[in-house]
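J.: Below is the file start-v9.txt, which contains compact mmCIF, C-alpha atoms.
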```txt
# COMPACT_ATOMS: atom_id res chain seq x y z
CA MET A 8 63.71 110.70 97.78
CA ALA A 9 63.73 109.57 94.16
CA GLU A 10 65.76 112.63 93.25
CA ASP A 11 68.23 111.78 96.00
CA THR A 12 68.72 108.20 94.86
CA LYS A 13 69.21 109.36 91.32
CA ARG A 14 71.88 111.78 92.39
CA SER A 15 73.75 109.25 94.48
CA LEU A 16 73.47 106.66 91.70
CA TYR A 17 75.09 109.19 89.40
CA TYR A 18 77.74 109.97 92.00
CA GLU A 19 78.59 106.31 92.62
CA PHE A 20 78.95 105.75 88.88
CA VAL A 21 81.01 108.81 88.08
CA LYS A 22 83.44 108.56 90.98
CA GLY A 23 85.01 105.41 89.50
CA LEU A 24 85.82 107.11 86.23
CA TRP A 25 88.27 109.58 87.63
CA GLN A 26 88.10 110.58 91.28
CA GLU A 27 88.48 107.00 92.49
CA ASN A 28 89.92 105.51 89.33
CA PRO A 29 91.23 102.11 90.41
CA ILE A 30 94.46 102.38 88.44
CA PHE A 31 95.47 106.03 88.40
CA ARG A 32 94.17 107.07 91.81
CA MET A 33 93.89 103.98 93.98
CA LEU A 34 96.65 101.88 92.37
CA LEU A 35 94.65 98.67 92.64
CA GLY A 36 94.78 95.70 90.30
CA MET A 37 98.34 96.33 89.20
CA CYS A 38 99.01 92.76 87.99
CA PRO A 39 96.76 92.82 84.90
CA THR A 40 97.54 96.52 84.41
CA LEU A 41 101.22 95.89 84.01
CA ALA A 42 100.98 92.52 82.28
CA VAL A 43 98.44 92.85 79.49
CA THR A 44 98.55 96.49 78.39
CA ASN A 45 101.16 95.93 75.67
CA SER A 46 98.47 96.58 73.08
CA ALA A 47 95.23 98.54 73.09
CA ILE A 48 93.03 95.60 72.13
CA ASN A 49 94.40 93.47 74.98
CA GLY A 50 93.74 96.29 77.43
CA LEU A 51 90.20 96.65 76.13
CA ALA A 52 89.44 92.92 76.36
CA MET A 53 90.92 92.68 79.84
CA GLY A 54 89.01 95.77 80.99
CA LEU A 55 85.69 94.55 79.63
CA ALA A 56 86.17 91.08 81.13
CA THR A 57 86.95 92.66 84.49
CA THR A 58 83.95 95.00 84.23
CA PHE A 59 81.67 92.05 83.50
CA VAL A 60 82.97 90.08 86.49
CA LEU A 61 82.87 93.16 88.72
CA THR A 62 79.29 94.06 87.85
CA CYS A 63 77.89 90.53 88.02
CA SER A 64 79.61 89.67 91.27
CA SER A 65 78.53 93.01 92.79
CA ILE A 66 74.90 92.16 91.99
CA MET A 67 75.24 88.70 93.56
CA VAL A 68 77.12 89.94 96.62
CA SER A 69 74.58 92.69 97.15
CA LEU A 70 71.71 90.20 96.76
CA ILE A 71 73.00 87.82 99.40
CA ARG A 72 74.55 90.42 101.70
CA LYS A 73 72.01 89.84 104.46
CA ILE A 74 72.21 86.06 104.60
CA VAL A 75 75.99 85.57 104.48
CA PRO A 76 77.52 85.31 107.97
CA GLY A 77 80.46 87.68 108.47
CA GLN A 78 82.91 84.85 109.17
CA VAL A 79 82.56 83.29 105.72
CA ARG A 80 81.94 86.42 103.66
CA LEU A 81 85.34 86.44 101.93
CA ALA A 82 85.06 82.76 101.01
CA SER A 83 81.60 83.37 99.56
CA PHE A 84 82.76 86.42 97.60
CA ILE A 85 85.69 84.49 96.13
CA VAL A 86 83.46 81.61 95.02
CA ILE A 87 81.05 84.05 93.36
CA ILE A 88 83.87 85.98 91.68
CA ALA A 89 85.55 82.76 90.50
CA THR A 90 82.29 81.59 88.93
CA PHE A 91 81.91 84.73 86.86
CA VAL A 92 85.59 84.73 85.92
CA THR A 93 85.27 81.19 84.59
CA ILE A 94 82.19 82.21 82.61
CA ALA A 95 84.11 85.17 81.15
CA ASP A 96 87.02 82.88 80.31
CA TYR A 97 84.77 80.38 78.50
CA PHE A 98 83.10 83.22 76.64
CA LEU A 99 86.41 84.62 75.38
CA LYS A 100 87.61 81.13 74.44
CA ALA A 101 84.44 80.41 72.50
CA PHE A 102 83.93 83.71 70.71
CA PHE A 103 87.30 85.49 70.64
CA PRO A 104 89.95 82.74 70.60
CA PRO A 105 92.85 84.94 69.42
CA ILE A 106 92.31 87.45 72.24
CA SER A 107 91.87 84.64 74.74
CA LYS A 108 95.18 83.20 73.61
CA GLN A 109 96.94 86.55 73.98
CA LEU A 110 95.58 87.21 77.45
CA GLY A 111 96.54 83.68 78.48
CA PRO A 112 96.53 83.12 82.24
CA TYR A 113 95.54 86.71 83.02
CA VAL A 114 91.82 86.06 82.52
CA PRO A 115 91.65 83.33 85.20
CA LEU A 116 93.77 85.64 87.37
CA ILE A 117 90.90 88.16 87.51
CA VAL A 118 89.74 86.02 90.46
CA VAL A 119 92.43 87.55 92.61
CA ASN A 120 92.14 91.06 91.19
CA CYS A 121 91.88 93.19 94.29
CA VAL A 122 89.64 95.76 92.58
CA ILE A 123 86.84 93.20 92.52
CA LEU A 124 87.23 91.81 96.01
CA GLY A 125 87.78 95.37 97.21
CA ARG A 126 84.47 96.58 95.79
CA ALA A 127 82.64 93.53 97.14
CA GLU A 128 84.02 94.02 100.62
CA ALA A 129 83.87 97.81 100.77
CA PHE A 130 80.73 98.53 98.82
CA SER A 131 78.33 95.92 97.50
CA SER A 132 78.28 93.84 100.68
CA LYS A 133 76.82 96.87 102.46
CA LYS A 134 74.71 98.64 99.82
CA PRO A 135 71.53 97.90 97.84
CA ILE A 136 71.71 96.45 94.34
CA SER A 137 71.11 99.65 92.36
CA LEU A 138 73.96 101.50 94.07
CA SER A 139 76.22 98.45 93.77
CA VAL A 140 75.64 98.21 90.04
CA ALA A 141 76.34 101.93 89.60
CA ASP A 142 79.51 101.66 91.65
CA ALA A 143 80.74 98.48 89.94
CA SER A 144 80.10 99.68 86.40
CA GLY A 145 81.72 103.04 87.14
CA ILE A 146 84.82 101.46 88.63
CA GLY A 147 84.86 98.92 85.78
CA MET A 148 84.67 101.63 83.12
CA GLY A 149 87.42 103.59 84.87
CA PHE A 150 89.55 100.45 84.93
CA THR A 151 88.87 99.71 81.25
CA GLY A 152 89.57 103.29 80.22
CA ALA A 153 92.88 103.33 82.05
CA LEU A 154 93.93 99.97 80.57
CA VAL A 155 93.05 101.07 77.03
CA PHE A 156 94.90 104.37 77.50
CA LEU A 157 98.02 102.57 78.76
CA GLY A 158 97.67 100.05 75.93
CA ILE A 159 97.43 102.76 73.28
CA VAL A 160 100.51 104.58 74.51
CA ARG A 161 102.56 101.38 74.75
CA GLU A 162 101.36 100.05 71.42
CA ILE A 163 102.18 103.29 69.59
CA LEU A 164 105.69 103.41 71.00
CA GLY A 165 106.34 99.68 71.01
CA PHE A 166 104.80 98.56 67.72
CA GLY A 167 103.97 101.84 65.94
CA SER A 168 100.30 100.93 65.68
CA ILE A 169 96.91 101.52 67.35
CA PHE A 170 94.43 98.63 67.63
CA ASN A 171 96.71 96.70 65.22
CA ILE A 172 96.45 99.43 62.56
CA GLN A 173 99.91 100.57 61.54
CA ILE A 174 100.20 104.34 61.85
CA PHE A 175 103.90 104.88 61.27
CA GLY A 176 105.80 104.03 58.12
CA GLU A 177 108.87 101.88 57.65
CA TRP A 178 111.11 104.55 59.17
CA PHE A 179 109.74 103.94 62.65
CA GLU A 180 112.04 102.02 64.94
CA PRO A 181 109.85 100.41 67.62
CA TRP A 182 110.86 100.90 71.23
CA ILE A 183 110.88 97.27 72.21
CA VAL A 184 111.17 98.13 75.88
CA MET A 185 107.66 99.61 75.79
CA VAL A 186 106.01 96.24 75.15
CA LEU A 187 108.12 94.51 77.80
CA PRO A 188 107.13 94.60 81.48
CA ALA A 189 109.62 97.41 82.08
CA GLY A 190 107.70 99.58 79.62
CA ALA A 191 104.55 99.10 81.68
CA PHE A 192 106.24 100.39 84.82
CA ILE A 193 107.75 103.35 82.97
CA THR A 194 104.48 104.37 81.29
CA LEU A 195 102.33 103.93 84.39
CA GLY A 196 104.84 105.78 86.57
CA ILE A 197 105.05 108.75 84.24
CA MET A 198 101.25 108.89 83.85
CA ILE A 199 100.61 108.86 87.60
CA GLY A 200 103.32 111.48 88.05
CA VAL A 201 101.73 113.76 85.45
CA ILE A 202 98.26 113.25 86.91
CA ASN A 203 99.56 114.12 90.37
CA ILE A 204 101.09 117.37 89.10
CA PHE A 205 97.65 118.50 87.99
CA THR A 206 95.67 117.22 90.94
CA ILE A 207 98.06 117.73 93.82
CA ASN A 208 96.00 120.53 95.37
CA GLN A 209 92.78 118.55 95.21
CA SER A 210 94.12 115.34 96.61
CA GLY A 211 96.16 117.06 99.30
CA ARG A 212 99.08 114.73 98.84
CA GLY A 213 101.54 114.73 101.67
CA VAL A 214 99.59 116.82 104.16
CA CYS A 215 98.14 115.81 107.49
CA PHE A 216 95.84 117.46 109.96
CA GLY A 217 97.22 118.49 113.29
CA CYS A 218 100.88 118.42 112.30
CA SER A 219 103.21 120.60 110.27
CA ILE A 220 103.79 118.11 107.45
CA GLY A 221 103.12 119.64 104.06
CA TYR A 222 104.68 120.57 100.76
CA ARG A 223 106.08 123.78 99.34
CA LEU A 224 104.08 125.58 96.68
CA LYS A 225 105.62 128.81 95.42
CA GLU A 226 107.83 129.10 98.50
CA LYS A 227 104.85 128.75 100.87
CA LEU A 228 104.33 125.76 103.10
CA VAL A 229 100.97 124.16 102.36
CA THR A 230 99.59 122.09 105.22
CA ALA A 231 96.28 120.36 105.65
CA GLU A 232 94.97 123.22 107.81
CA SER A 233 95.82 125.93 105.33
CA MET A 234 94.34 123.86 102.50
CA TYR A 235 91.01 122.82 103.90
CA LEU A 236 90.11 125.48 106.50
CA THR A 237 88.90 129.05 106.00
CA PRO A 238 91.11 131.77 107.54
CA GLU A 239 88.72 132.15 110.51
CA GLU A 240 88.71 128.46 111.18
CA LEU A 241 92.48 128.48 110.87
CA GLU A 242 92.71 131.15 113.61
CA ALA A 243 90.36 129.15 115.79
CA ALA A 244 92.34 126.00 115.20
CA LYS A 245 95.58 127.76 116.18
CA ALA A 246 93.99 129.29 119.25
CA GLY A 247 92.24 126.05 120.12
CA PRO A 248 95.01 124.13 121.81
CA GLU A 249 96.14 127.23 123.77
CA LYS A 250 92.68 127.82 125.16
CA GLU A 251 92.34 124.18 126.01
CA LYS A 252 95.64 124.28 127.92
CA LYS A 253 94.58 127.39 129.87
CA ARG A 254 91.28 125.80 130.76
CA ARG A 255 93.00 122.69 132.06
CA LYS A 256 95.52 124.74 134.05
CA GLY A 257 92.70 126.75 135.53
CA ASN A 258 91.05 123.60 136.75
CA MET B 12 76.53 72.30 116.72
CA ASN B 13 75.62 75.91 117.29
CA LYS B 14 73.55 78.07 115.03
CA THR B 15 76.27 80.22 113.40
CA VAL B 16 78.32 77.24 112.37
CA LEU B 17 75.28 75.62 110.84
CA ARG B 18 74.44 78.80 108.98
CA MET B 19 78.00 79.18 107.68
CA LEU B 20 77.95 75.62 106.39
CA LEU B 21 74.57 76.06 104.80
CA VAL B 22 75.40 79.35 103.05
CA LEU B 23 78.78 78.25 101.72
CA THR B 24 77.47 74.90 100.55
CA SER B 25 74.55 76.41 98.69
CA ILE B 26 76.75 79.08 97.07
CA GLY B 27 79.09 76.31 95.96
CA ILE B 28 76.29 74.18 94.56
CA ILE B 29 74.67 77.06 92.69
CA SER B 30 78.03 78.20 91.26
CA GLY B 31 78.92 74.68 90.20
CA GLY B 32 75.54 74.18 88.57
CA ALA B 33 75.74 77.49 86.71
CA LEU B 34 79.23 76.69 85.47
CA SER B 35 78.30 73.26 84.17
CA VAL B 36 75.40 74.76 82.22
CA VAL B 37 77.65 77.42 80.68
CA TYR B 38 80.35 74.86 79.92
CA LYS B 39 77.86 72.57 78.18
CA ALA B 40 76.71 75.51 76.09
CA VAL B 41 80.11 76.74 74.92
CA PHE B 42 82.12 73.51 74.81
CA PRO B 43 81.25 72.61 71.18
CA ARG B 44 82.41 76.05 70.05
CA ILE B 45 85.69 75.86 71.96
CA GLU B 46 86.34 72.36 70.62
CA ARG B 47 85.55 73.50 67.07
CA HIS B 48 88.03 76.39 67.33
CA ARG B 49 90.70 74.00 68.59
CA LEU B 50 90.13 71.57 65.71
CA GLU B 51 90.00 74.37 63.14
CA GLU B 52 93.28 75.71 64.37
CA LEU B 53 94.83 72.26 64.28
CA LYS B 54 93.58 71.70 60.75
CA ARG B 55 94.84 75.07 59.57
CA ALA B 56 98.27 74.36 61.08
CA ILE B 57 98.45 70.91 59.46
CA PHE B 58 97.66 72.31 56.02
CA VAL B 59 100.27 75.03 56.43
CA VAL B 60 103.06 72.59 57.29
CA LEU B 61 101.91 70.02 54.71
CA PRO B 62 101.08 72.25 51.72
CA ASP B 63 100.14 69.29 49.48
CA ALA B 64 97.63 67.81 51.91
CA LYS B 65 93.91 68.11 51.33
CA ASP B 66 92.84 66.04 54.29
CA TYR B 67 94.44 64.31 57.25
CA LYS B 68 94.03 61.38 59.56
CA THR B 69 95.38 60.86 63.04
CA LEU B 70 97.95 58.13 63.59
CA GLU B 71 99.02 56.87 66.96
CA LYS B 72 101.84 54.59 67.89
CA ASN B 73 103.62 54.04 71.22
CA GLY B 74 101.69 56.94 72.70
CA LEU B 75 102.94 59.30 70.01
CA GLN B 76 100.28 61.14 68.06
CA VAL B 77 100.89 62.48 64.54
CA TYR B 78 98.72 63.62 61.66
CA GLN B 79 99.18 62.01 58.28
CA GLY B 80 98.41 64.32 55.38
CA ILE B 81 96.52 62.90 52.38
CA ASP B 82 96.18 64.40 48.89
CA GLU B 83 93.11 64.27 46.59
CA THR B 84 93.71 60.70 45.51
CA GLY B 85 94.21 59.43 49.05
CA ASN B 86 97.96 59.02 48.89
CA PRO B 87 99.93 60.01 51.99
CA VAL B 88 101.98 63.17 51.42
CA GLY B 89 103.75 63.40 54.74
CA ILE B 90 103.39 63.57 58.46
CA ALA B 91 102.60 66.61 60.58
CA PHE B 92 103.56 66.51 64.22
CA GLU B 93 103.54 68.71 67.27
CA ALA B 94 106.71 69.43 69.23
CA LYS B 95 107.01 71.12 72.58
CA GLY B 96 109.96 72.34 74.60
CA ASN B 97 111.53 75.15 76.58
CA GLY B 98 112.33 78.43 74.89
CA PHE B 99 113.95 81.50 76.36
CA GLN B 100 111.03 82.52 78.59
CA GLY B 101 108.61 79.65 78.49
CA LYS B 102 107.26 76.75 76.50
CA ILE B 103 107.35 76.88 72.70
CA THR B 104 104.87 74.69 70.80
CA ILE B 105 105.60 73.95 67.17
CA MET B 106 103.75 72.16 64.39
CA ALA B 107 106.02 70.80 61.67
CA GLY B 108 105.57 68.68 58.58
CA ILE B 109 107.92 66.05 57.26
CA ASP B 110 107.86 64.32 53.87
CA ASN B 111 107.14 60.62 53.29
CA ARG B 112 110.79 59.62 53.08
CA PHE B 113 111.73 61.44 56.28
CA GLU B 114 114.33 63.53 54.50
CA LYS B 115 112.96 67.05 54.42
CA LEU B 116 110.71 69.33 56.38
CA THR B 117 107.73 70.57 54.36
CA GLY B 118 106.96 73.42 56.70
CA MET B 119 107.06 74.71 60.26
CA LEU B 120 104.63 76.80 62.27
CA VAL B 121 105.08 78.12 65.79
CA LEU B 122 101.74 77.62 67.53
CA ASP B 123 102.50 79.01 70.94
CA GLN B 124 105.35 81.03 72.39
CA ILE B 125 105.96 83.72 74.97
CA GLU B 126 109.40 84.82 73.81
CA THR B 127 110.55 88.44 74.07
CA PRO B 128 108.29 90.57 71.85
CA GLY B 129 110.17 92.06 68.93
CA LEU B 130 113.17 89.78 69.40
CA GLY B 131 112.61 86.12 70.22
CA ALA B 132 108.96 86.36 69.25
CA ARG B 133 110.16 86.65 65.65
CA VAL B 134 110.55 82.86 65.65
CA ALA B 135 106.80 82.98 64.94
CA GLY B 136 107.36 85.39 62.04
CA ASP B 137 107.17 84.45 58.38
CA LYS B 138 110.80 85.14 57.62
CA PHE B 139 112.09 82.70 60.20
CA GLN B 140 109.46 80.03 59.61
CA LYS B 141 109.96 79.97 55.83
CA GLN B 142 113.56 78.87 56.30
CA PHE B 143 112.32 75.48 57.45
CA LYS B 144 110.42 74.74 54.27
CA GLY B 145 112.40 72.17 52.31
CA LEU B 146 115.07 72.01 54.96
CA SER B 147 117.07 68.80 55.01
CA ILE B 148 116.97 67.01 58.35
CA SER B 149 119.94 64.70 57.93
CA PRO B 150 121.89 64.32 60.09
CA GLU B 151 120.05 67.07 62.00
CA ILE B 152 119.08 70.73 61.73
CA THR B 153 121.78 73.23 62.66
CA TYR B 154 121.88 77.01 62.80
CA ILE B 155 124.34 79.68 61.83
CA LYS B 156 124.67 83.22 63.12
CA ASN B 157 124.76 86.44 61.09
CA LYS B 158 125.39 84.66 57.79
CA LYS B 159 123.31 83.23 55.00
CA PRO B 160 122.96 79.49 55.51
CA GLU B 161 125.20 77.44 53.21
CA LYS B 162 124.37 73.82 53.92
CA PRO B 163 120.95 72.30 53.12
CA ASN B 164 120.33 71.50 56.78
CA GLU B 165 121.15 74.98 58.09
CA ILE B 166 119.01 77.94 59.08
CA GLN B 167 120.02 81.45 60.03
CA ALA B 168 119.39 82.30 63.69
CA ILE B 169 117.58 85.54 64.48
CA THR B 170 120.00 88.30 65.41
CA ALA B 171 119.85 89.08 69.14
CA ALA B 172 117.60 86.08 69.73
CA THR B 173 119.98 83.17 69.36
CA ILE B 174 118.57 81.35 72.38
CA SER B 175 115.04 81.35 70.99
CA SER B 176 116.27 80.24 67.54
CA LYS B 177 118.39 77.55 69.13
CA ALA B 178 115.44 76.37 71.21
CA VAL B 179 113.28 75.93 68.10
CA VAL B 180 116.02 73.91 66.39
CA LYS B 181 116.57 71.77 69.48
CA ILE B 182 112.86 71.09 69.99
CA LEU B 183 112.47 70.11 66.34
CA ASN B 184 115.52 67.86 66.28
CA ARG B 185 114.41 65.95 69.34
CA GLN B 186 110.90 65.38 68.04
CA ILE B 187 112.03 64.53 64.50
CA LYS B 188 114.31 61.83 65.91
CA GLU B 189 111.48 60.33 67.89
CA ILE B 190 109.01 60.49 64.99
CA THR B 191 111.52 58.94 62.60
CA GLU B 192 112.28 56.10 64.98
CA THR B 193 108.61 55.39 65.58
CA PHE B 194 107.07 55.79 62.14
CA LYS B 195 109.76 55.33 59.48
CA LEU B 196 109.56 51.55 59.21
CA ASN B 197 105.91 51.23 58.36
```
Take the structure in the file and write it out as structure tokens.
T.:
Amino acid sequence: MAEDTKRSLYYEFVKGLWQENPIFRMLLGMCPTLAVTNSAINGLAMGLATTFVLTCSSIMVSLIRKIVPGQVRLASFIVIIATFVTIADYFLKAFFPPISKQLGPYVPLIVVNCVILGRAEAFSSKKPISLSVADASGIGMGFTGALVFLGIVREILGFGSIFNIQIFGEWFEPWIVMVLPAGAFITLGIMIGVINIFTINQSGRGVCFGCSIGYRLKEKLVTAESMYLTPEELEAAKAGPEKEKKRRKGN
Amino acid sequence: MNKTVLRMLLVLTSIGIISGGALSVVYKAVFPRIERHRLEELKRAIFVVLPDAKDYKTLEKNGLQVYQGIDETGNPVGIAFEAKGNGFQGKITIMAGIDNRFEKLTGMLVLDQIETPGLGARVAGDKFQKQFKGLSISPEITYIKNKKPEKPNEIQAITAATISSKAVVKILNRQIKEITETFKLN
């Protein structure tokens, strides 16, 4: 039992880092992703603030999951999330004023970040505290990592620096577009494209069971059946509908 | 009233009360720090735009608030004031200093702006801000494009960011006029 919980704790934590990464795989929380990743430090601060809110609100939501009536659950979640967001905002204002100034309205906007409400609704409102914390911190770390990565790429190209440390000399002409909103779309789009090239077989993009939709890989049509089923199962699946028809006719 | 409705009311109300209570505690705890940062920043800005000042006091007249700089011996050295207005993408907030005779600017500092990074955002850069030091304000500040300024009341606009440069000049002119009208006679 203990071993089992440990394993699932580990699973819930790790899945957020990559497999269910909120930015690169689920495309959630795009507003802060696109708006504040013009430098690595902004991405880091935003990610950590979001992780704090996500973890704290997951604990609270999980704690009160049995006493909140279904009809008012979203209202309760929002109030809880807004409380922690305000705390995070005060904290940044009090201890890191320059970062708080740079992030501007995007810290209060964490309230409506769909990653947080999504985790509350889909996970912590149904699961015990330990699992909720594992899930929230994993998703939060995945979110932070993705924001910092985007921030680093955009800062290098847009300002020629990493974490405000200049790495290129005078000769470097900054690509101003990279620190503008357009640069965020370009960077994120290319990243997701590259990631999909490497993971397309795992994620089974563009396939569906029971129909012939698929994609071509080395001149062969890959469908959901050919991807997920063993050859024997594939035969059975093909034969299945025929047999079923015969049986019905017979009756 | 049936049971579910009562329970909904009860749960939401208590969540609200607890959240509100928690927030007021946190706010009480961090407010002094936030206020101190705000004052520090204000002080720093005042001393940048009034380089001769060692201290300042707040003056208020007709709802207009300015900061009078004082040197070691307690003599006024000039007035620092805040000016706000629309830039290219959003509000620009400026702190500027003016000498005792209301003839010259002693300095200018952009406090807040969300202009285009790399272009308009250079209004907050040293090169642009230094142009305002010692700038004559009579009859008013003007700007020139792509050339070194010739007149004493002229600055050079930032290439490819004329609107932002123009906005700064406009915001300053408007506020200087108001400050002069309000404070010059005393």
J.: Report as a VMD selection string the set of chain A residues whose atoms approach chain B to within 9 Å, with distances computed over all atoms listed in the file.
T.: chain A and resid 74 to 80 82 to 83 86 to 87 89 to 91 93 to 94 97 to 98 100 to 102 104 108 165 to 166 181 183 186 to 187
J.: Restricting the calculation to only C-alpha atoms, which member of B:Asn184, B:Asn73, B:Thr191, B:Gln142 is positioned closest to Lys159 of chain B?
T.: B:Gln142
J.: Please measure the separation of atom CA of Ala243 of chain A and atom CA of Thr206 of chain A, giving the value in Å to one decimal.
T.: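 For atom CA of Ala243 of chain A relative to atom CA of Thr206 of chain A, the distance reads 28.1 Å.
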J.: Find the residues around Phe156 of chain A up to 9 Å (only C-alpha atoms counted), leave out those fewer than 3 positions away in its own chain, and share them as a list in words.
T.: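 Result of the neighbour search: Thr44, Ala47, Gly50, Thr151, Gly152, Ala153, Ile159, Val160 and Arg161 of chain A.
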J.: Kindly indicate which residue among B:Gly131, B:Asn111, B:Gly118, B:Ala94 lies nearest to Lys181 of chain B, using only C-alpha atoms for the distances.
T.: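 Of B:Gly131, B:Asn111, B:Gly118, B:Ala94, the one nearest Lys181 of chain B is B:Ala94, counting only C-alpha atoms.
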J.: Mind pulling up the distance from atom CA of Ile193 of chain A to atom CA of Val60 of chain A?
T.: 28.3 Å
J.: If I take atom CA of Val180 of chain B and atom CA of Pro112 of chain A, how far is one from the other in Å, to one decimal?
T.: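 Answer for the atom CA of Val180 of chain B to atom CA of Pro112 of chain A separation: 26.8 Å.
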J.: Using all atoms listed in the file, pick whichever of B:Leu120, B:Ile105, B:Leu70, B:Leu75 has the shortest atom-to-atom distance to Ile90 of chain B.
T.: B:Leu70
J.: I need the residue nearest Leu124 of chain A from this list: A:Phe20, A:Phe84, A:Phe103, A:Phe170. Use only C-alpha atoms for the distance.
T.: A:Phe84
J.: With distances taken over all atoms listed in the file, which of A:Ser168, A:Ile48, A:Ala127, A:Pro39 is nearest to Pro115 of chain A?
T.: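 The closest residue to Pro115 of chain A is A:Pro39.
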J.: Compare B:Phe139, B:Phe113, B:Phe194, B:Phe99 by their minimum atom-to-atom distance to Gly74 of chain B, counting all atoms listed in the file, and give me the closest one.
T.: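 Smallest distance to Gly74 of chain B is found for B:Phe194.
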J.: I'd like the contact shell of Pro188 of chain A - 9 Å cut-off, only C-alpha atoms, skipping same-chain residues fewer than 5 positions apart - returned as a ChimeraX atom specification.
T.: /A:41-42,45,193
